[in-house]
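Structure file upload.txt (compact mmCIF, C-alpha atoms and all ligand atoms) follows.
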```txt
# COMPACT_ATOMS: atom_id res chain seq x y z
CA MET R 446 -32.55 -36.85 9.52
CA ALA R 447 -32.29 -35.25 6.12
CA SER R 448 -31.15 -31.65 6.32
CA ALA R 449 -32.78 -29.05 4.12
CA GLU R 450 -30.63 -27.63 1.32
CA PRO R 451 -29.85 -23.97 2.00
CA ALA R 452 -31.78 -21.71 -0.36
CA ARG R 453 -28.61 -20.14 -1.72
CA THR R 454 -27.16 -19.86 -5.16
CA ALA R 455 -23.56 -19.11 -5.89
CA HIS R 456 -24.27 -15.77 -7.55
CA PRO R 457 -27.69 -14.49 -6.51
CA THR R 458 -28.86 -11.60 -8.65
CA ALA R 459 -32.61 -11.38 -8.17
CA PRO R 460 -33.49 -8.14 -6.35
CA LEU R 461 -35.48 -8.49 -3.14
CA PRO R 462 -38.60 -6.33 -2.82
CA GLY R 463 -38.85 -4.52 0.50
CA PRO R 464 -41.88 -4.55 2.85
CA ASP R 465 -43.70 -1.98 0.68
CA GLY R 466 -42.86 -3.86 -2.55
CA THR R 467 -40.18 -1.47 -3.77
CA VAL R 468 -37.16 -3.15 -5.25
CA ARG R 469 -33.93 -2.50 -3.40
CA SER R 470 -30.40 -3.46 -4.29
CA ARG R 471 -29.30 -6.63 -2.51
CA VAL R 472 -25.89 -5.29 -1.53
CA SER R 473 -25.67 -1.69 -0.36
CA ARG R 474 -24.58 0.81 -2.99
CA ARG R 475 -21.79 1.97 -0.71
CA VAL R 476 -20.16 -1.44 -0.35
CA GLY R 477 -21.35 -2.83 -3.69
CA SER R 478 -19.37 -0.16 -5.52
CA ILE R 479 -16.02 -1.09 -3.97
CA ALA R 480 -13.63 -2.51 -6.55
CA PRO R 481 -11.79 -5.66 -5.50
CA SER R 482 -8.11 -5.16 -4.71
CA ALA R 483 -6.44 -5.66 -8.11
CA THR R 484 -3.08 -6.34 -6.53
CA LEU R 485 -4.46 -9.10 -4.31
CA ALA R 486 -6.36 -10.49 -7.32
CA VAL R 487 -3.20 -10.78 -9.43
CA ASP R 488 -1.36 -12.33 -6.53
CA ALA R 489 -4.18 -14.83 -5.91
CA LYS R 490 -4.28 -15.82 -9.59
CA ALA R 491 -0.51 -16.34 -9.68
CA LYS R 492 -0.58 -18.36 -6.43
CA ALA R 493 -3.46 -20.53 -7.75
CA LEU R 494 -1.56 -21.27 -10.97
CA LYS R 495 1.53 -22.10 -8.94
CA ALA R 496 -0.47 -24.41 -6.67
CA ALA R 497 -1.70 -26.16 -9.82
CA GLY R 498 1.93 -26.90 -10.67
CA ARG R 499 2.53 -24.11 -13.22
CA PRO R 500 6.00 -22.49 -13.19
CA VAL R 501 4.56 -19.04 -12.58
CA ILE R 502 6.79 -16.18 -11.54
CA GLY R 503 4.97 -13.54 -9.52
CA PHE R 504 5.97 -9.89 -9.57
CA GLY R 505 2.59 -8.99 -8.11
CA ALA R 506 3.09 -9.36 -4.38
CA GLY R 507 3.51 -6.32 -2.20
CA GLU R 508 5.32 -8.24 0.51
CA PRO R 509 8.91 -9.13 1.41
CA ASP R 510 9.84 -12.70 0.49
CA PHE R 511 11.84 -13.10 3.73
CA PRO R 512 10.46 -14.94 6.76
CA THR R 513 9.72 -12.85 9.84
CA PRO R 514 12.96 -12.59 11.89
CA GLU R 515 13.38 -15.38 14.43
CA HIS R 516 13.38 -13.26 17.60
CA ILE R 517 9.96 -11.86 16.62
CA VAL R 518 8.54 -15.32 15.98
CA GLU R 519 9.95 -16.52 19.32
CA ALA R 520 8.25 -13.64 21.13
CA ALA R 521 4.95 -14.63 19.53
CA VAL R 522 5.41 -18.29 20.52
CA ALA R 523 6.10 -17.22 24.11
CA ALA R 524 2.99 -15.00 24.02
CA CYS R 525 0.89 -17.92 22.78
CA ARG R 526 1.81 -19.81 25.96
CA GLU R 527 0.80 -16.99 28.28
CA PRO R 528 -2.91 -16.77 29.07
CA ARG R 529 -2.79 -12.99 29.33
CA PHE R 530 -2.23 -12.91 25.56
CA HIS R 531 -5.36 -15.03 25.03
CA ARG R 532 -7.56 -12.10 26.04
CA TYR R 533 -8.84 -8.89 24.49
CA THR R 534 -6.53 -5.92 24.73
CA PRO R 535 -7.72 -2.31 25.05
CA ALA R 536 -9.17 -1.26 21.68
CA ALA R 537 -6.33 1.19 21.02
CA GLY R 538 -3.75 -1.55 21.58
CA LEU R 539 -1.49 -3.01 24.27
CA PRO R 540 -0.21 -0.08 26.35
CA GLU R 541 3.40 -1.33 26.08
CA LEU R 542 3.08 -1.58 22.29
CA ARG R 543 1.69 1.95 22.01
CA GLU R 544 4.67 3.13 24.11
CA ALA R 545 7.07 1.22 21.86
CA ILE R 546 5.49 2.68 18.70
CA ALA R 547 5.83 6.22 20.05
CA ALA R 548 9.46 5.56 21.05
CA ALA R 549 10.33 3.94 17.69
CA THR R 550 8.71 6.82 15.81
CA GLN R 551 10.73 9.37 17.77
CA ARG R 552 13.90 7.35 17.13
CA ASN R 553 13.31 6.72 13.44
CA SER R 554 11.68 9.85 12.08
CA GLY R 555 12.10 12.33 14.92
CA LEU R 556 8.36 12.92 15.36
CA ALA R 557 7.61 13.85 18.97
CA CYS R 558 4.68 11.74 20.18
CA THR R 559 3.47 9.68 23.12
CA ALA R 560 1.52 6.46 23.55
CA ALA R 561 -1.72 8.47 23.79
CA ASP R 562 -1.24 9.64 20.19
CA VAL R 563 -1.17 6.05 18.88
CA LEU R 564 -3.95 3.73 17.72
CA VAL R 565 -2.83 0.17 16.87
CA THR R 566 -4.67 -1.14 13.81
CA ASN R 567 -5.01 -4.29 11.74
CA GLY R 568 -2.24 -3.30 9.38
CA GLY R 569 -1.52 0.10 7.89
CA LYS R 570 -4.49 -0.56 5.64
CA GLN R 571 -6.97 -0.27 8.48
CA ALA R 572 -5.20 2.86 9.73
CA VAL R 573 -5.79 4.45 6.30
CA TYR R 574 -9.47 3.52 6.37
CA GLU R 575 -10.00 4.63 9.95
CA ALA R 576 -8.22 7.94 9.29
CA MET R 577 -10.52 8.61 6.34
CA ALA R 578 -13.61 7.57 8.28
CA ALA R 579 -12.61 9.79 11.20
CA LEU R 580 -11.91 12.87 9.05
CA LEU R 581 -14.26 12.88 6.08
CA ASP R 582 -17.85 14.04 5.81
CA PRO R 583 -19.87 13.16 2.70
CA GLY R 584 -18.54 15.07 -0.30
CA ASP R 585 -15.22 16.09 1.28
CA GLU R 586 -12.42 15.86 -1.26
CA VAL R 587 -9.02 14.24 -0.91
CA LEU R 588 -6.07 15.27 -3.08
CA LEU R 589 -4.66 11.96 -4.22
CA PRO R 590 -1.30 11.82 -6.03
CA THR R 591 -1.76 9.29 -8.83
CA PRO R 592 -0.50 6.59 -9.46
CA TYR R 593 -1.83 5.75 -6.01
CA TRP R 594 -1.81 2.68 -3.79
CA THR R 595 -4.86 0.79 -4.97
CA THR R 596 -6.61 0.90 -1.58
CA TYR R 597 -6.65 4.70 -1.15
CA PRO R 598 -9.56 5.68 -3.43
CA GLU R 599 -11.74 2.86 -2.15
CA THR R 600 -11.22 3.79 1.50
CA ILE R 601 -11.90 7.45 0.67
CA ARG R 602 -15.17 6.55 -1.09
CA LEU R 603 -16.19 4.12 1.63
CA ALA R 604 -15.81 6.96 4.11
CA GLY R 605 -18.08 9.16 1.97
CA GLY R 606 -15.25 11.23 0.49
CA VAL R 607 -14.28 12.00 -3.09
CA PRO R 608 -10.81 11.08 -4.35
CA VAL R 609 -9.40 13.84 -6.58
CA GLU R 610 -6.60 12.42 -8.71
CA VAL R 611 -3.46 14.51 -9.12
CA VAL R 612 -1.78 12.63 -11.94
CA THR R 613 2.01 12.46 -12.06
CA GLU R 614 4.26 11.05 -14.76
CA GLU R 615 7.59 9.31 -15.15
CA SER R 616 9.10 12.55 -16.53
CA THR R 617 8.88 14.16 -13.07
CA GLY R 618 9.83 11.00 -11.22
CA TYR R 619 6.13 10.55 -10.35
CA GLN R 620 6.29 13.46 -7.91
CA ALA R 621 3.40 15.91 -7.62
CA SER R 622 4.17 19.63 -7.49
CA ILE R 623 2.46 22.37 -5.49
CA GLU R 624 1.10 23.77 -8.76
CA GLN R 625 -0.55 20.44 -9.52
CA PHE R 626 -2.06 20.20 -6.05
CA ALA R 627 -3.23 23.84 -6.27
CA ALA R 628 -4.92 23.20 -9.61
CA HIS R 629 -7.15 20.61 -7.93
CA LEU R 630 -7.93 22.54 -4.76
CA THR R 631 -11.62 23.37 -4.16
CA PRO R 632 -13.60 24.62 -1.15
CA ARG R 633 -14.41 20.94 -0.45
CA THR R 634 -10.78 19.81 -0.24
CA LYS R 635 -10.11 18.47 3.24
CA ILE R 636 -7.14 16.09 3.02
CA LEU R 637 -3.91 15.81 1.09
CA LEU R 638 -2.89 12.15 0.99
CA PHE R 639 0.86 11.70 0.81
CA CYS R 640 2.88 8.51 0.35
CA SER R 641 6.67 8.58 0.18
CA PRO R 642 8.35 6.18 -0.52
CA CYS R 643 5.46 5.50 -2.86
CA ASN R 644 3.68 2.32 -3.79
CA PRO R 645 3.49 1.76 -6.81
CA THR R 646 6.15 4.07 -8.25
CA GLY R 647 9.00 3.83 -5.73
CA ALA R 648 9.23 7.65 -5.78
CA VAL R 649 10.79 9.29 -2.72
CA TYR R 650 10.13 13.03 -2.41
CA PRO R 651 13.24 15.06 -1.48
CA PRO R 652 13.11 16.67 2.01
CA ASP R 653 12.69 20.24 0.73
CA GLN R 654 9.75 19.21 -1.44
CA VAL R 655 8.11 17.39 1.48
CA ALA R 656 8.48 20.59 3.52
CA GLU R 657 7.10 22.72 0.70
CA ILE R 658 4.03 20.50 0.28
CA GLY R 659 3.49 20.43 4.05
CA ARG R 660 3.66 24.22 4.33
CA TRP R 661 1.27 24.61 1.41
CA ALA R 662 -1.22 22.17 2.97
CA LEU R 663 -0.99 24.09 6.24
CA GLU R 664 -1.61 27.43 4.51
CA GLN R 665 -4.67 25.98 2.78
CA GLY R 666 -6.05 24.64 6.04
CA LEU R 667 -5.84 21.03 4.87
CA TRP R 668 -5.23 17.86 6.78
CA VAL R 669 -2.41 15.60 5.67
CA VAL R 670 -2.55 11.83 5.91
CA THR R 671 1.02 10.66 5.35
CA ASP R 672 1.69 6.98 4.77
CA GLU R 673 5.20 6.11 5.96
CA ILE R 674 4.98 2.34 5.75
CA TYR R 675 8.09 2.15 3.52
CA GLU R 676 10.15 4.62 5.60
CA HIS R 677 13.07 2.20 6.02
CA LEU R 678 13.20 1.10 2.39
CA VAL R 679 15.06 3.93 0.66
CA TYR R 680 18.12 3.49 -1.54
CA GLY R 681 21.11 5.41 -2.82
CA ASP R 682 20.98 9.10 -1.90
CA ALA R 683 17.24 9.13 -1.27
CA GLN R 684 16.17 10.15 2.22
CA HIS R 685 12.84 9.66 3.92
CA VAL R 686 11.57 12.54 6.02
CA SER R 687 8.30 12.74 7.89
CA MET R 688 6.13 15.70 6.88
CA PRO R 689 5.10 16.73 10.43
CA VAL R 690 8.77 16.68 11.42
CA VAL R 691 9.87 19.07 8.68
CA VAL R 692 6.70 21.16 9.19
CA PRO R 693 6.06 20.84 12.96
CA GLU R 694 2.99 23.14 12.92
CA LEU R 695 1.30 20.52 10.75
CA ALA R 696 1.28 17.94 13.57
CA GLU R 697 -2.11 19.21 14.77
CA ARG R 698 -3.61 18.42 11.35
CA CYS R 699 -1.68 15.34 10.40
CA VAL R 700 -2.21 11.58 10.59
CA VAL R 701 0.88 9.40 10.19
CA VAL R 702 0.23 5.83 9.01
CA ASN R 703 2.81 3.11 9.53
CA GLY R 704 3.19 -0.57 10.44
CA VAL R 705 5.52 -3.53 10.82
CA ALA R 706 4.51 -5.32 7.59
CA LYS R 707 7.12 -4.08 5.15
CA THR R 708 9.93 -3.21 7.58
CA PHE R 709 10.02 -6.52 9.45
CA ALA R 710 8.59 -8.91 6.83
CA MET R 711 5.39 -9.23 8.86
CA THR R 712 2.59 -8.79 6.31
CA GLY R 713 0.58 -11.72 7.67
CA TRP R 714 0.66 -10.58 11.30
CA ARG R 715 -1.56 -7.56 10.59
CA VAL R 716 -0.17 -4.86 12.82
CA GLY R 717 -0.10 -1.21 11.82
CA TRP R 718 -0.93 2.08 13.49
CA MET R 719 -1.84 5.68 13.14
CA ILE R 720 -0.30 8.58 15.03
CA ALA R 721 -2.70 11.48 15.14
CA PRO R 722 -4.05 14.36 17.24
CA ARG R 723 -5.97 13.12 20.29
CA ASP R 724 -9.45 13.90 18.96
CA VAL R 725 -8.78 11.84 15.83
CA VAL R 726 -7.23 8.96 17.80
CA SER R 727 -10.23 9.00 20.10
CA ALA R 728 -12.79 9.01 17.26
CA ALA R 729 -10.93 6.34 15.31
CA THR R 730 -10.59 4.20 18.46
CA ASN R 731 -14.35 4.34 18.97
CA LEU R 732 -14.87 3.15 15.40
CA HIS R 733 -12.20 0.50 15.87
CA SER R 734 -13.75 -0.74 19.12
CA HIS R 735 -17.04 -1.48 17.37
CA SER R 736 -15.59 -3.05 14.23
CA THR R 737 -12.65 -5.20 15.31
CA SER R 738 -12.22 -4.58 19.07
CA ASN R 739 -8.44 -4.94 18.98
CA VAL R 740 -5.61 -6.32 16.89
CA ALA R 741 -4.81 -9.98 17.73
CA ASN R 742 -3.04 -9.91 21.07
CA VAL R 743 -0.28 -12.34 20.01
CA SER R 744 0.42 -10.26 16.91
CA GLN R 745 0.78 -7.20 19.10
CA ALA R 746 3.34 -9.10 21.21
CA ALA R 747 5.23 -9.91 18.00
CA ALA R 748 5.14 -6.27 16.89
CA LEU R 749 6.46 -5.22 20.30
CA ALA R 750 9.44 -7.55 19.83
CA ALA R 751 9.99 -6.15 16.33
CA LEU R 752 9.99 -2.52 17.49
CA THR R 753 12.24 -3.10 20.47
CA GLY R 754 14.65 -5.50 18.75
CA GLY R 755 16.71 -3.12 16.60
CA LEU R 756 16.93 -2.71 12.86
CA ASP R 757 19.67 -5.24 11.94
CA ASP R 758 17.30 -7.48 9.95
CA VAL R 759 15.92 -4.47 8.11
CA VAL R 760 19.41 -3.48 7.03
CA THR R 761 20.01 -6.96 5.61
CA MET R 762 16.67 -7.04 3.77
CA ARG R 763 17.16 -3.53 2.42
CA ALA R 764 20.55 -4.51 0.97
CA ALA R 765 18.91 -7.44 -0.85
CA PHE R 766 16.08 -5.23 -2.16
CA ASP R 767 18.61 -2.65 -3.34
CA ARG R 768 20.58 -5.26 -5.28
CA ARG R 769 17.41 -6.61 -6.89
CA ARG R 770 16.19 -3.10 -7.65
CA GLN R 771 19.30 -2.33 -9.66
CA LEU R 772 19.14 -5.70 -11.41
CA MET R 773 15.47 -5.26 -12.31
CA VAL R 774 15.83 -1.72 -13.57
CA SER R 775 18.83 -2.55 -15.76
CA MET R 776 17.03 -5.58 -17.24
CA LEU R 777 13.79 -3.67 -17.84
CA ARG R 778 15.67 -0.86 -19.54
CA GLU R 779 17.02 -3.38 -22.06
CA ILE R 780 13.49 -3.98 -23.33
CA PRO R 781 12.94 -1.74 -26.37
CA GLY R 782 10.09 0.77 -25.92
CA LEU R 783 9.77 0.31 -22.18
CA ALA R 784 10.67 3.36 -20.05
CA CYS R 785 11.64 2.68 -16.44
CA PRO R 786 12.55 5.52 -14.07
CA GLU R 787 14.75 4.36 -11.20
CA PRO R 788 12.66 3.71 -8.10
CA GLN R 789 14.29 5.16 -4.99
CA GLY R 790 12.24 3.45 -2.33
CA ALA R 791 9.77 0.68 -1.42
CA PHE R 792 10.21 -2.45 -3.60
CA TYR R 793 8.46 -1.72 -6.87
CA ALA R 794 9.40 -0.62 -10.37
CA TYR R 795 6.73 1.15 -12.42
CA PRO R 796 7.74 1.13 -16.09
CA CYS R 797 5.71 2.89 -18.75
CA VAL R 798 4.56 0.51 -21.51
CA ARG R 799 2.45 2.90 -23.58
CA THR R 800 4.54 2.50 -26.72
CA LEU R 801 4.05 -1.26 -26.56
CA LEU R 802 0.25 -1.08 -26.68
CA GLY R 803 -1.89 -1.51 -29.78
CA ARG R 804 0.66 -3.78 -31.42
CA GLU R 805 0.22 -7.40 -32.50
CA LEU R 806 1.57 -10.03 -30.09
CA ARG R 807 0.88 -13.76 -30.45
CA GLY R 808 -2.35 -13.17 -32.32
CA ARG R 809 -3.64 -10.55 -29.89
CA ARG R 810 -3.41 -6.77 -29.85
CA PRO R 811 -3.37 -5.50 -26.25
CA THR R 812 -4.55 -1.89 -26.11
CA THR R 813 -4.41 -1.39 -22.34
CA SER R 814 -1.89 -2.33 -19.69
CA ALA R 815 -4.52 -4.66 -18.19
CA GLU R 816 -4.73 -6.56 -21.49
CA LEU R 817 -0.95 -6.64 -21.75
CA ALA R 818 -0.63 -7.99 -18.19
CA THR R 819 -3.17 -10.74 -18.97
CA LEU R 820 -1.31 -11.65 -22.13
CA ILE R 821 2.01 -11.84 -20.26
CA LEU R 822 0.46 -14.13 -17.64
CA ASP R 823 -1.23 -16.33 -20.25
CA GLU R 824 1.74 -16.62 -22.60
CA VAL R 825 4.82 -16.73 -20.38
CA GLU R 826 3.34 -17.30 -16.92
CA VAL R 827 4.65 -14.12 -15.35
CA ALA R 828 2.34 -12.10 -13.09
CA VAL R 829 2.62 -8.30 -13.11
CA VAL R 830 0.05 -5.75 -11.92
CA PRO R 831 -1.39 -3.43 -14.58
CA GLY R 832 -1.28 0.33 -14.03
CA GLU R 833 -5.09 0.49 -14.00
CA ALA R 834 -4.93 -0.84 -10.43
CA PHE R 835 -3.13 2.38 -9.47
CA GLY R 836 -5.14 4.81 -11.58
CA THR R 837 -2.91 5.04 -14.65
CA ASP R 838 -3.37 2.88 -17.74
CA GLY R 839 -0.16 2.35 -19.72
CA TYR R 840 2.09 1.13 -16.90
CA LEU R 841 2.99 -2.10 -15.15
CA ARG R 842 4.03 -2.57 -11.54
CA LEU R 843 6.67 -5.17 -10.81
CA SER R 844 7.65 -5.95 -7.24
CA TYR R 845 11.30 -6.85 -6.70
CA ALA R 846 10.58 -8.53 -3.39
CA LEU R 847 11.34 -11.96 -4.82
CA GLY R 848 14.44 -14.17 -5.19
CA ASP R 849 17.19 -13.08 -7.62
CA ASP R 850 16.89 -16.19 -9.82
CA ASP R 851 13.14 -15.78 -10.21
CA LEU R 852 13.62 -12.10 -10.94
CA VAL R 853 16.07 -12.80 -13.77
CA GLU R 854 13.95 -15.64 -15.17
CA GLY R 855 10.74 -13.59 -15.03
CA ILE R 856 12.13 -10.51 -16.78
CA THR R 857 13.88 -12.67 -19.34
CA ARG R 858 10.54 -14.31 -20.19
CA ILE R 859 8.88 -10.89 -20.54
CA ARG R 860 11.73 -9.59 -22.70
CA ARG R 861 11.57 -12.61 -25.02
CA LEU R 862 7.82 -12.26 -25.36
CA LEU R 863 7.93 -8.52 -26.04
CA SER R 864 10.67 -9.00 -28.64
CA GLU R 865 7.95 -10.62 -30.79
CA LEU R 866 5.88 -7.41 -30.85
CA GLY R 867 4.74 -6.47 -34.32
C1 LIG U 1 1.48 2.37 0.57
C2 LIG U 1 0.97 1.31 1.48
N1 LIG U 1 0.39 1.67 2.62
C3 LIG U 1 -0.10 0.77 3.48
C4 LIG U 1 -0.03 -0.57 3.19
C5 LIG U 1 -0.66 -1.50 4.19
O1 LIG U 1 0.13 -2.46 4.68
P1 LIG U 1 -0.41 -3.41 5.83
O2 LIG U 1 -1.89 -3.24 5.92
O3 LIG U 1 -0.02 -4.78 5.42
O4 LIG U 1 0.27 -2.95 7.09
C6 LIG U 1 0.54 -1.01 1.99
C7 LIG U 1 0.56 -2.44 1.63
O5 LIG U 1 0.73 -2.82 0.52
C8 LIG U 1 1.08 -0.04 1.12
O6 LIG U 1 1.67 -0.39 -0.01
```

Any chance you could put this one into structure tokens?
Amino acid sequence: MASAEPARTAHPTAPLPGPDGTVRSRVSRRVGSIAPSATLAVDAKAKALKAAGRPVIGFGAGEPDFPTPEHIVEAAVAACREPRFHRYTPAAGLPELREAIAAATQRNSGLACTAADVLVTNGGKQAVYEAMAALLDPGDEVLLPTPYWTTYPETIRLAGGVPVEVVTEESTGYQASIEQFAAHLTPRTKILLFCSPCNPTGAVYPPDQVAEIGRWALEQGLWVVTDEIYEHLVYGDAQHVSMPVVVPELAERCVVVNGVAKTFAMTGWRVGWMIAPRDVVSAATNLHSHSTSNVANVSQAAALAALTGGLDDVVTMRAAFDRRRQLMVSMLREIPGLACPEPQGAFYAYPCVRTLLGRELRGRRPTTSAELATLILDEVEVAVVPGEAFGTDGYLRLSYALGDDDLVEGITRIRRLLSELG
């Protein structure tokens, strides 16, 4: 029997009139206005070129290049064989995992918390979204240090909030000051969003500055959402401290976001969490229960093994990242006109390329970092993420979570190309 062709086109655009004939947008304005993730887009383009046989070098990925440690994988394999892991878990997560998250948090950052303060989420990303959705009413403003992780403004808007950019520069190590935050404070400000170590800049705020910002937020009656997903990836003298630990009174108005992705090379397993006051955990769990039920049970078993298995693998990975960080920064600094502050955490460098823009290069004249990134990919097959993805034109983000040989080859290609600048 011949089946009817579905009445679909690849890119439908015609508006659909409603029952009363009025024309309505096909996709809701709320979701239709979300920008795609620029970092995932660059990564996808680089991976597609690679799959097509091109010798592309990707500095775009925000993920460790190491495999997940063996004992974690083994725990997941064992869980796969046990029927109890084939079932739903409670929406907030496996009780033993919530216990382990609370214990690991106490051990690592010193934050006093219990399993009841924890909601297990599909990655730190979902914890950010659910925190925003649980806290923001329409029009509430969020102080957002910029450059920001590309997902923050979209999750704020999706939750009805308004991101208020607090722009930082390389001259201050990309760290926002109280004065800058204060200049953007309004009666609608509800949240200060804090990320240290920072994606994309690698900035790590010193402990006294974290405390100062926390005390200021408390005085202003703000909430703080602090993203600690890179807590273990700090280098040299830099030290990560958790804001509600250095300002304990803030704990009642603070949501801590974290996850296993970056620490244990587990980006694909999708396990993160929030630690928050009970009313927020409860509201976010309700939202979670209706949107995704629970995080994949087997992934939760893997995360449990990660959190109870010690930090030896993290120490090894951090040493490799540190070596590559120093290599990348020294090579980038050899490129005339490119200014690269030393990142102190995470695994990204965020050089300023403003002085390179507007100049002739292989018959083109890139005037934005997005155009420069496209030109670099087209001409020398190296993928970098333009600063526009993080709210600041004139910068590039390069991840150093890739092999040493690729790192050297990739930066060498960029340097050779940029040496042709007119
Ligand atoms: C600052 C920051 N927070 C949170 C995340 C979310 O990580 P995941 O959802 O993979 O746990 C990322 C990932 O890139 C990140 O860079």

Which residues of chain R sit at most 9 Å from ligand LIG 1 (chain U), using only C-alpha atoms and all ligand atoms? Give each one's shortest atom pair and distance in Å (one decimal place), in chain and ascending residue order, as a Markdown table.
```
| residue | atom | partner | partner_atom | distance |
| --- | --- | --- | --- | --- |
| R:Thr484 | CA | U:LIG1 | O5 | 8.8 |
| R:Ala506 | CA | U:LIG1 | O5 | 8.5 |
| R:Gly507 | CA | U:LIG1 | O5 | 5.2 |
| R:Glu508 | CA | U:LIG1 | O5 | 7.1 |
| R:Thr566 | CA | U:LIG1 | O4 | 8.5 |
| R:Asn567 | CA | U:LIG1 | O2 | 6.7 |
| R:Gly568 | CA | U:LIG1 | O4 | 3.4 |
| R:Gly569 | CA | U:LIG1 | O4 | 3.6 |
| R:Lys570 | CA | U:LIG1 | O2 | 3.7 |
| R:Gln571 | CA | U:LIG1 | O2 | 6.4 |
| R:Ala572 | CA | U:LIG1 | O2 | 7.9 |
| R:Val573 | CA | U:LIG1 | C3 | 7.3 |
| R:Tyr593 | CA | U:LIG1 | C1 | 8.1 |
| R:Trp594 | CA | U:LIG1 | C1 | 5.5 |
| R:Thr595 | CA | U:LIG1 | O6 | 8.3 |
| R:Thr596 | CA | U:LIG1 | C2 | 8.2 |
| R:Tyr597 | CA | U:LIG1 | N1 | 8.5 |
| R:Cys640 | CA | U:LIG1 | C1 | 6.3 |
| R:Ser641 | CA | U:LIG1 | C1 | 8.1 |
| R:Pro642 | CA | U:LIG1 | C1 | 7.9 |
| R:Cys643 | CA | U:LIG1 | C1 | 6.1 |
| R:Asn644 | CA | U:LIG1 | C1 | 4.9 |
| R:Pro645 | CA | U:LIG1 | O6 | 7.4 |
| R:Asp672 | CA | U:LIG1 | N1 | 5.9 |
| R:Glu673 | CA | U:LIG1 | N1 | 7.3 |
| R:Ile674 | CA | U:LIG1 | N1 | 5.6 |
| R:Tyr675 | CA | U:LIG1 | C1 | 7.2 |
| R:Val702 | CA | U:LIG1 | C3 | 7.5 |
| R:Asn703 | CA | U:LIG1 | O4 | 7.0 |
| R:Gly704 | CA | U:LIG1 | O4 | 5.0 |
| R:Val705 | CA | U:LIG1 | O4 | 6.5 |
| R:Ala706 | CA | U:LIG1 | O4 | 4.9 |
| R:Lys707 | CA | U:LIG1 | O3 | 7.2 |
| R:Met711 | CA | U:LIG1 | O3 | 7.8 |
| R:Thr712 | CA | U:LIG1 | O3 | 4.9 |
| R:Gly713 | CA | U:LIG1 | O3 | 7.3 |
| R:Trp714 | CA | U:LIG1 | O3 | 8.3 |
| R:Arg715 | CA | U:LIG1 | O3 | 6.1 |
| R:Val716 | CA | U:LIG1 | O4 | 6.1 |
| R:Gly717 | CA | U:LIG1 | O4 | 5.1 |
| R:Trp718 | CA | U:LIG1 | O4 | 8.2 |
| R:Ala791 | CA | U:LIG1 | O6 | 8.3 |
```

Can you list, as a ChimeraX atom specification, every protein, DNA or RNA residue that comes within 10 Å of R:Thr708 when you count all atoms listed in the file, leaving out same-chain residues fewer than 5 positions away? /R:508-509,513,674-678,703,751-752,756,758-760,762-763,791

Proximity to R:His516 - best of R:Glu805, R:Arg842, R:Ala784, R:Gly754, only C-alpha atoms: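 Among the listed residues, R:Gly754 lies closest to R:His516.
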
Spatial neighbours of R:Glu833, max dist 9 Å, all atoms listed in the file, sep filter under 5 positions, as a list in words: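 So the residues in contact are Ala483, Pro592, Thr813, Ser814, Ala815, Asp838, Gly839, Tyr840 and Leu841 of chain R.
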
Counting all atoms listed in the file, I want the residues whose atoms come within 8 Å of (15.9, 11.5, 2.2) in the file frame, returned as a PyMOL selection string. chain R and resi 649-652+679+682-686

Which residue out of R:Arg860, R:Arg804, R:Arg809, R:Arg778 has the minimum interatomic distance to R:Val827 when all atoms listed in the file are used?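 Of R:Arg860, R:Arg804, R:Arg809, R:Arg778, the one nearest R:Val827, counting all atoms listed in the file, is R:Arg860.
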
May I ask you to restore N, CA, C and O atoms in stretch 721-727 of chain R and write the result as a PDB file, in the coordinates of the input?
```pdb
ATOM      1  N   ALA R 721      -1.814  10.384  15.534  1.00  0.00           N
ATOM      2  CA  ALA R 721      -2.700  11.480  15.140  1.00  0.00           C
ATOM      3  C   ALA R 721      -3.024  12.349  16.351  1.00  0.00           C
ATOM      4  O   ALA R 721      -2.805  11.936  17.503  1.00  0.00           O
ATOM      5  N   PRO R 722      -3.577  13.549  16.119  1.00  0.00           N
ATOM      6  CA  PRO R 722      -4.050  14.360  17.240  1.00  0.00           C
ATOM      7  C   PRO R 722      -5.082  13.573  18.066  1.00  0.00           C
ATOM      8  O   PRO R 722      -5.788  12.704  17.536  1.00  0.00           O
ATOM      9  N   ARG R 723      -5.149  13.925  19.359  1.00  0.00           N
ATOM     10  CA  ARG R 723      -5.970  13.120  20.290  1.00  0.00           C
ATOM     11  C   ARG R 723      -7.425  12.958  19.871  1.00  0.00           C
ATOM     12  O   ARG R 723      -8.022  11.901  20.056  1.00  0.00           O
ATOM     13  N   ASP R 724      -8.035  14.032  19.315  1.00  0.00           N
ATOM     14  CA  ASP R 724      -9.450  13.900  18.960  1.00  0.00           C
ATOM     15  C   ASP R 724      -9.651  12.874  17.843  1.00  0.00           C
ATOM     16  O   ASP R 724     -10.637  12.124  17.826  1.00  0.00           O
ATOM     17  N   VAL R 725      -8.677  12.811  16.927  1.00  0.00           N
ATOM     18  CA  VAL R 725      -8.780  11.840  15.830  1.00  0.00           C
ATOM     19  C   VAL R 725      -8.529  10.422  16.359  1.00  0.00           C
ATOM     20  O   VAL R 725      -9.251   9.477  16.025  1.00  0.00           O
ATOM     21  N   VAL R 726      -7.507  10.291  17.211  1.00  0.00           N
ATOM     22  CA  VAL R 726      -7.230   8.960  17.800  1.00  0.00           C
ATOM     23  C   VAL R 726      -8.460   8.477  18.555  1.00  0.00           C
ATOM     24  O   VAL R 726      -8.875   7.310  18.437  1.00  0.00           O
ATOM     25  N   SER R 727      -9.072   9.383  19.293  1.00  0.00           N
ATOM     26  CA  SER R 727     -10.230   9.000  20.100  1.00  0.00           C
ATOM     27  C   SER R 727     -11.404   8.572  19.213  1.00  0.00           C
ATOM     28  O   SER R 727     -12.034   7.522  19.432  1.00  0.00           O
TER      29      SER R 727
END
```
